[in-house]
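Enquirer: start.txt is reproduced below (compact mmCIF, N, CA and C atoms).
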# COMPACT_ATOMS: atom_id res chain seq x y z
N MET Y 1 67.26 114.48 182.51
CA MET Y 1 66.26 113.50 182.85
C MET Y 1 66.46 112.28 181.98
N ALA Y 2 66.46 111.13 182.57
CA ALA Y 2 66.69 109.88 181.86
C ALA Y 2 65.46 109.47 181.05
N LEU Y 3 65.67 108.53 180.15
CA LEU Y 3 64.55 108.01 179.38
C LEU Y 3 63.58 107.26 180.29
N ALA Y 4 62.30 107.34 179.99
CA ALA Y 4 61.29 106.63 180.77
C ALA Y 4 61.47 105.12 180.58
N ALA Y 5 61.00 104.37 181.55
CA ALA Y 5 61.18 102.91 181.53
C ALA Y 5 60.50 102.28 180.31
N ASP Y 6 59.30 102.75 179.96
CA ASP Y 6 58.62 102.17 178.80
C ASP Y 6 59.34 102.52 177.49
N ALA Y 7 59.91 103.72 177.42
CA ALA Y 7 60.68 104.10 176.23
C ALA Y 7 61.93 103.24 176.12
N LYS Y 8 62.58 102.95 177.25
CA LYS Y 8 63.76 102.10 177.24
C LYS Y 8 63.41 100.69 176.78
N ARG Y 9 62.28 100.17 177.25
CA ARG Y 9 61.87 98.83 176.84
C ARG Y 9 61.61 98.77 175.34
N GLN Y 10 60.99 99.80 174.79
CA GLN Y 10 60.71 99.83 173.36
C GLN Y 10 62.00 99.89 172.55
N ILE Y 11 62.93 100.73 172.97
CA ILE Y 11 64.22 100.84 172.29
C ILE Y 11 64.95 99.52 172.35
N LEU Y 12 64.94 98.89 173.53
CA LEU Y 12 65.61 97.62 173.71
C LEU Y 12 65.00 96.55 172.81
N ALA Y 13 63.68 96.49 172.75
CA ALA Y 13 63.01 95.48 171.94
C ALA Y 13 63.32 95.64 170.44
N LYS Y 14 63.45 96.88 169.98
CA LYS Y 14 63.70 97.13 168.57
C LYS Y 14 65.14 96.82 168.17
N ASN Y 15 66.09 96.93 169.11
CA ASN Y 15 67.50 96.85 168.74
C ASN Y 15 68.26 95.66 169.30
N GLN Y 16 67.57 94.77 169.99
CA GLN Y 16 68.23 93.59 170.54
C GLN Y 16 68.66 92.66 169.42
N ILE Y 17 69.82 92.02 169.62
CA ILE Y 17 70.27 91.00 168.69
C ILE Y 17 69.66 89.66 169.08
N HIS Y 18 69.63 89.38 170.37
CA HIS Y 18 68.98 88.18 170.89
C HIS Y 18 68.20 88.56 172.14
N LYS Y 19 67.47 87.63 172.69
CA LYS Y 19 66.52 87.93 173.76
C LYS Y 19 67.13 88.56 175.00
N SER Y 20 68.32 88.14 175.40
CA SER Y 20 68.91 88.67 176.63
C SER Y 20 69.95 89.76 176.36
N ASP Y 21 69.95 90.33 175.16
CA ASP Y 21 70.93 91.34 174.78
C ASP Y 21 70.57 92.69 175.38
N THR Y 22 71.45 93.22 176.22
CA THR Y 22 71.23 94.56 176.78
C THR Y 22 72.43 95.46 176.63
N GLY Y 23 73.56 94.95 176.14
CA GLY Y 23 74.76 95.77 176.10
C GLY Y 23 75.50 95.77 174.79
N SER Y 24 74.90 95.27 173.74
CA SER Y 24 75.57 95.28 172.44
C SER Y 24 75.72 96.72 171.96
N PRO Y 25 76.66 96.97 171.06
CA PRO Y 25 76.82 98.34 170.56
C PRO Y 25 75.54 98.91 169.95
N GLU Y 26 74.75 98.06 169.28
CA GLU Y 26 73.51 98.54 168.68
C GLU Y 26 72.55 99.09 169.73
N VAL Y 27 72.43 98.36 170.83
CA VAL Y 27 71.53 98.79 171.91
C VAL Y 27 72.06 100.06 172.57
N GLN Y 28 73.36 100.11 172.82
CA GLN Y 28 73.94 101.30 173.44
C GLN Y 28 73.77 102.52 172.55
N ILE Y 29 73.98 102.36 171.24
CA ILE Y 29 73.81 103.48 170.31
C ILE Y 29 72.36 103.92 170.28
N ALA Y 30 71.43 102.99 170.32
CA ALA Y 30 70.01 103.33 170.30
C ALA Y 30 69.62 104.10 171.56
N PHE Y 31 70.11 103.65 172.72
CA PHE Y 31 69.81 104.38 173.96
C PHE Y 31 70.37 105.80 173.91
N LEU Y 32 71.60 105.93 173.46
CA LEU Y 32 72.21 107.25 173.36
C LEU Y 32 71.45 108.13 172.38
N SER Y 33 71.02 107.56 171.27
CA SER Y 33 70.28 108.34 170.27
C SER Y 33 68.95 108.83 170.83
N GLY Y 34 68.27 107.98 171.58
CA GLY Y 34 67.02 108.41 172.21
C GLY Y 34 67.23 109.54 173.19
N ARG Y 35 68.27 109.43 173.98
CA ARG Y 35 68.58 110.48 174.96
C ARG Y 35 69.01 111.77 174.26
N ILE Y 36 69.76 111.66 173.17
CA ILE Y 36 70.20 112.84 172.42
C ILE Y 36 68.99 113.57 171.83
N VAL Y 37 68.05 112.84 171.27
CA VAL Y 37 66.84 113.47 170.72
C VAL Y 37 66.06 114.17 171.82
N GLN Y 38 65.97 113.53 172.99
CA GLN Y 38 65.26 114.12 174.12
C GLN Y 38 65.94 115.43 174.55
N LEU Y 39 67.25 115.45 174.59
CA LEU Y 39 67.96 116.67 174.99
C LEU Y 39 67.85 117.75 173.92
N GLN Y 40 67.81 117.38 172.66
CA GLN Y 40 67.64 118.39 171.62
C GLN Y 40 66.30 119.09 171.77
N GLU Y 41 65.26 118.35 172.12
CA GLU Y 41 63.96 118.96 172.37
C GLU Y 41 64.01 119.87 173.60
N HIS Y 42 64.77 119.47 174.60
CA HIS Y 42 64.93 120.27 175.81
C HIS Y 42 65.56 121.62 175.48
N PHE Y 43 66.53 121.62 174.57
CA PHE Y 43 67.24 122.85 174.24
C PHE Y 43 66.41 123.81 173.40
N GLN Y 44 65.32 123.35 172.83
CA GLN Y 44 64.42 124.26 172.13
C GLN Y 44 63.80 125.26 173.11
N ALA Y 45 63.53 124.79 174.32
CA ALA Y 45 62.92 125.65 175.33
C ALA Y 45 63.95 126.30 176.25
N HIS Y 46 65.08 125.65 176.46
CA HIS Y 46 66.08 126.12 177.42
C HIS Y 46 67.40 126.35 176.71
N LYS Y 47 67.50 127.44 176.00
CA LYS Y 47 68.67 127.71 175.18
C LYS Y 47 69.94 127.97 175.99
N LYS Y 48 69.82 128.42 177.22
CA LYS Y 48 71.00 128.79 178.01
C LYS Y 48 71.42 127.72 179.00
N ASP Y 49 70.95 126.52 178.84
CA ASP Y 49 71.30 125.42 179.73
C ASP Y 49 72.62 124.80 179.27
N HIS Y 50 73.72 125.45 179.63
CA HIS Y 50 75.03 125.05 179.13
C HIS Y 50 75.55 123.79 179.81
N ALA Y 51 75.17 123.53 181.03
CA ALA Y 51 75.63 122.33 181.72
C ALA Y 51 75.07 121.07 181.03
N SER Y 52 73.81 121.13 180.66
CA SER Y 52 73.22 119.99 179.96
C SER Y 52 73.76 119.88 178.54
N ARG Y 53 74.12 121.01 177.95
CA ARG Y 53 74.69 120.99 176.61
C ARG Y 53 76.02 120.24 176.61
N ARG Y 54 76.80 120.40 177.68
CA ARG Y 54 78.06 119.67 177.80
C ARG Y 54 77.79 118.17 177.87
N GLY Y 55 76.77 117.79 178.62
CA GLY Y 55 76.39 116.38 178.70
C GLY Y 55 75.97 115.84 177.34
N LEU Y 56 75.25 116.67 176.57
CA LEU Y 56 74.83 116.27 175.24
C LEU Y 56 76.04 116.02 174.35
N LEU Y 57 77.01 116.92 174.39
CA LEU Y 57 78.21 116.75 173.58
C LEU Y 57 78.98 115.50 173.98
N MET Y 58 79.00 115.17 175.26
CA MET Y 58 79.66 113.96 175.72
C MET Y 58 78.94 112.72 175.19
N MET Y 59 77.60 112.76 175.17
CA MET Y 59 76.83 111.63 174.65
C MET Y 59 77.05 111.45 173.16
N VAL Y 60 77.10 112.56 172.42
CA VAL Y 60 77.33 112.50 170.99
C VAL Y 60 78.72 111.89 170.72
N ALA Y 61 79.70 112.28 171.51
CA ALA Y 61 81.05 111.73 171.35
C ALA Y 61 81.08 110.24 171.67
N ARG Y 62 80.37 109.83 172.70
CA ARG Y 62 80.32 108.40 173.05
C ARG Y 62 79.64 107.60 171.95
N ARG Y 63 78.55 108.15 171.39
CA ARG Y 63 77.87 107.47 170.29
C ARG Y 63 78.79 107.39 169.07
N ARG Y 64 79.53 108.44 168.80
CA ARG Y 64 80.47 108.45 167.68
C ARG Y 64 81.52 107.35 167.84
N ARG Y 65 82.06 107.19 169.06
CA ARG Y 65 83.06 106.15 169.32
C ARG Y 65 82.46 104.75 169.12
N LEU Y 66 81.24 104.55 169.59
CA LEU Y 66 80.58 103.26 169.42
C LEU Y 66 80.32 102.97 167.94
N LEU Y 67 79.93 103.99 167.18
CA LEU Y 67 79.70 103.80 165.75
C LEU Y 67 81.00 103.47 165.03
N THR Y 68 82.08 104.13 165.41
CA THR Y 68 83.38 103.84 164.80
C THR Y 68 83.81 102.42 165.11
N TYR Y 69 83.60 101.98 166.34
CA TYR Y 69 83.93 100.61 166.71
C TYR Y 69 83.11 99.61 165.89
N LEU Y 70 81.83 99.87 165.80
CA LEU Y 70 80.95 98.96 165.06
C LEU Y 70 81.32 98.92 163.58
N LYS Y 71 81.69 100.07 163.03
CA LYS Y 71 82.09 100.13 161.62
C LYS Y 71 83.34 99.30 161.36
N SER Y 72 84.28 99.33 162.31
CA SER Y 72 85.53 98.59 162.10
C SER Y 72 85.37 97.10 162.33
N THR Y 73 84.43 96.69 163.18
CA THR Y 73 84.27 95.27 163.48
C THR Y 73 83.25 94.59 162.58
N SER Y 74 82.16 95.27 162.27
CA SER Y 74 81.11 94.64 161.47
C SER Y 74 80.38 95.70 160.63
N PRO Y 75 80.84 95.94 159.41
CA PRO Y 75 80.22 96.97 158.56
C PRO Y 75 78.74 96.75 158.27
N GLU Y 76 78.31 95.48 158.22
CA GLU Y 76 76.89 95.21 157.94
C GLU Y 76 76.02 95.69 159.09
N ARG Y 77 76.43 95.36 160.31
CA ARG Y 77 75.67 95.80 161.49
C ARG Y 77 75.69 97.32 161.59
N TYR Y 78 76.81 97.93 161.23
CA TYR Y 78 76.95 99.38 161.25
C TYR Y 78 75.93 100.02 160.31
N LYS Y 79 75.83 99.51 159.10
CA LYS Y 79 74.88 100.06 158.13
C LYS Y 79 73.44 99.87 158.59
N ASN Y 80 73.16 98.71 159.19
CA ASN Y 80 71.81 98.46 159.70
C ASN Y 80 71.44 99.45 160.80
N VAL Y 81 72.36 99.74 161.70
CA VAL Y 81 72.10 100.68 162.79
C VAL Y 81 71.85 102.07 162.23
N LEU Y 82 72.66 102.50 161.25
CA LEU Y 82 72.48 103.83 160.67
C LEU Y 82 71.10 103.97 160.00
N THR Y 83 70.69 102.96 159.28
CA THR Y 83 69.40 103.06 158.62
C THR Y 83 68.24 102.96 159.61
N LYS Y 84 68.39 102.08 160.61
CA LYS Y 84 67.32 101.88 161.57
C LYS Y 84 67.09 103.13 162.42
N LEU Y 85 68.19 103.81 162.81
CA LEU Y 85 68.07 104.98 163.68
C LEU Y 85 68.09 106.30 162.91
N ALA Y 86 68.25 106.24 161.60
CA ALA Y 86 68.29 107.44 160.75
C ALA Y 86 69.37 108.40 161.22
N ILE Y 87 70.59 107.86 161.36
CA ILE Y 87 71.75 108.66 161.79
C ILE Y 87 72.63 108.87 160.58
N ARG Y 88 73.09 110.08 160.39
CA ARG Y 88 74.10 110.34 159.36
C ARG Y 88 75.46 110.22 160.00
N HIS Y 89 76.33 109.46 159.40
CA HIS Y 89 77.68 109.28 159.97
C HIS Y 89 78.70 109.38 158.89
Is it possible to give me this structure as structure tokens?

Expert:
Amino acid sequence: MALAADAKRQILAKNQIHKSDTGSPEVQIAFLSGRIVQLQEHFQAHKKDHASRRGLLMMVARRRRLLTYLKSTSPERYKNVLTKLAIRH
């Protein structure tokens, strides 16, 4: 299940670099992090949902690639994203 529209708007508002920013690495990482947290809660109740678990692992890998890209291009923005989203990397 995707993030609700109001949750997406809140995530977007918190992580935008400028007013029309919808695709920067920070925003993409924030969306993925929100979805990952949502799926982790789902797995508390549905431990045998292996198809969704595969999707979760794919999202974690995509977030990892985006974080690596951000780290190599702009270390300051990388550190800001880690602290803002409370991600250990």

Enquirer: Output as a PyMOL selection string all residues of chain Y that backbone DSSP marks as helix (DSSP H, G or I).

Expert: chain Y and resi 5-15+25-45+50-73+75-85

Enquirer: Could you jot down the atom C of Lys84 in chain Y to atom N of Lys14 in chain Y separation for me, Å, one decimal place?

Expert: 10.5 Å

Enquirer: Calculate how many Å separate atom N of Ser33 in chain Y from CA of Lys71 in chain Y, rounding to one decimal.

Expert: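 Interatomic distance, atom N of Ser33 in chain Y to CA of Lys71 in chain Y: 16.5 Å.
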
Enquirer: Considering all atoms listed in the file, state which residue in the set Y:Ala86, Y:Lys48, Y:Asn80, Y:Arg63 is at the smallest distance from Ile29 in chain Y.

Expert: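 Using all atoms listed in the file, the shortest distance to Ile29 in chain Y belongs to Y:Arg63.
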
Enquirer: Here is a test: counting only C-alpha atoms, which residue of Y:Arg62, Y:Leu56, Y:Glu76, Y:His18 is nearest to Val37 in chain Y?

Expert: Y:Leu56

Enquirer: Which of these, Y:Phe31, Y:His42, Y:Val60, Y:Thr68, has the shortest distance to Ala4 in chain Y once you count only C-alpha atoms?

Expert: Y:Phe31

Enquirer: Figure out the distance between CA of Pro25 in chain Y and atom N of Leu66 in chain Y, please, to one decimal in Å.

Expert: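 Separating atom N of Leu66 in chain Y from CA of Pro25 in chain Y is a distance of 7.7 Å.
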
Enquirer: Smallest atom-to-atom distance to Arg35 in chain Y: which of Y:Leu70, Y:Met59, Y:Lys79, Y:Arg64, using all atoms listed in the file?

Expert: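 For Arg35 in chain Y, the nearest of the candidates is Y:Met59.
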
Enquirer: So which residues touch Leu12 in chain Y within 9 Å, counting only C-alpha atoms, skipping near sequence neighbours fewer than 2 positions away, as a ChimeraX atom specification?

Expert: /Y:7-10,14-16,21-22,27,30-31
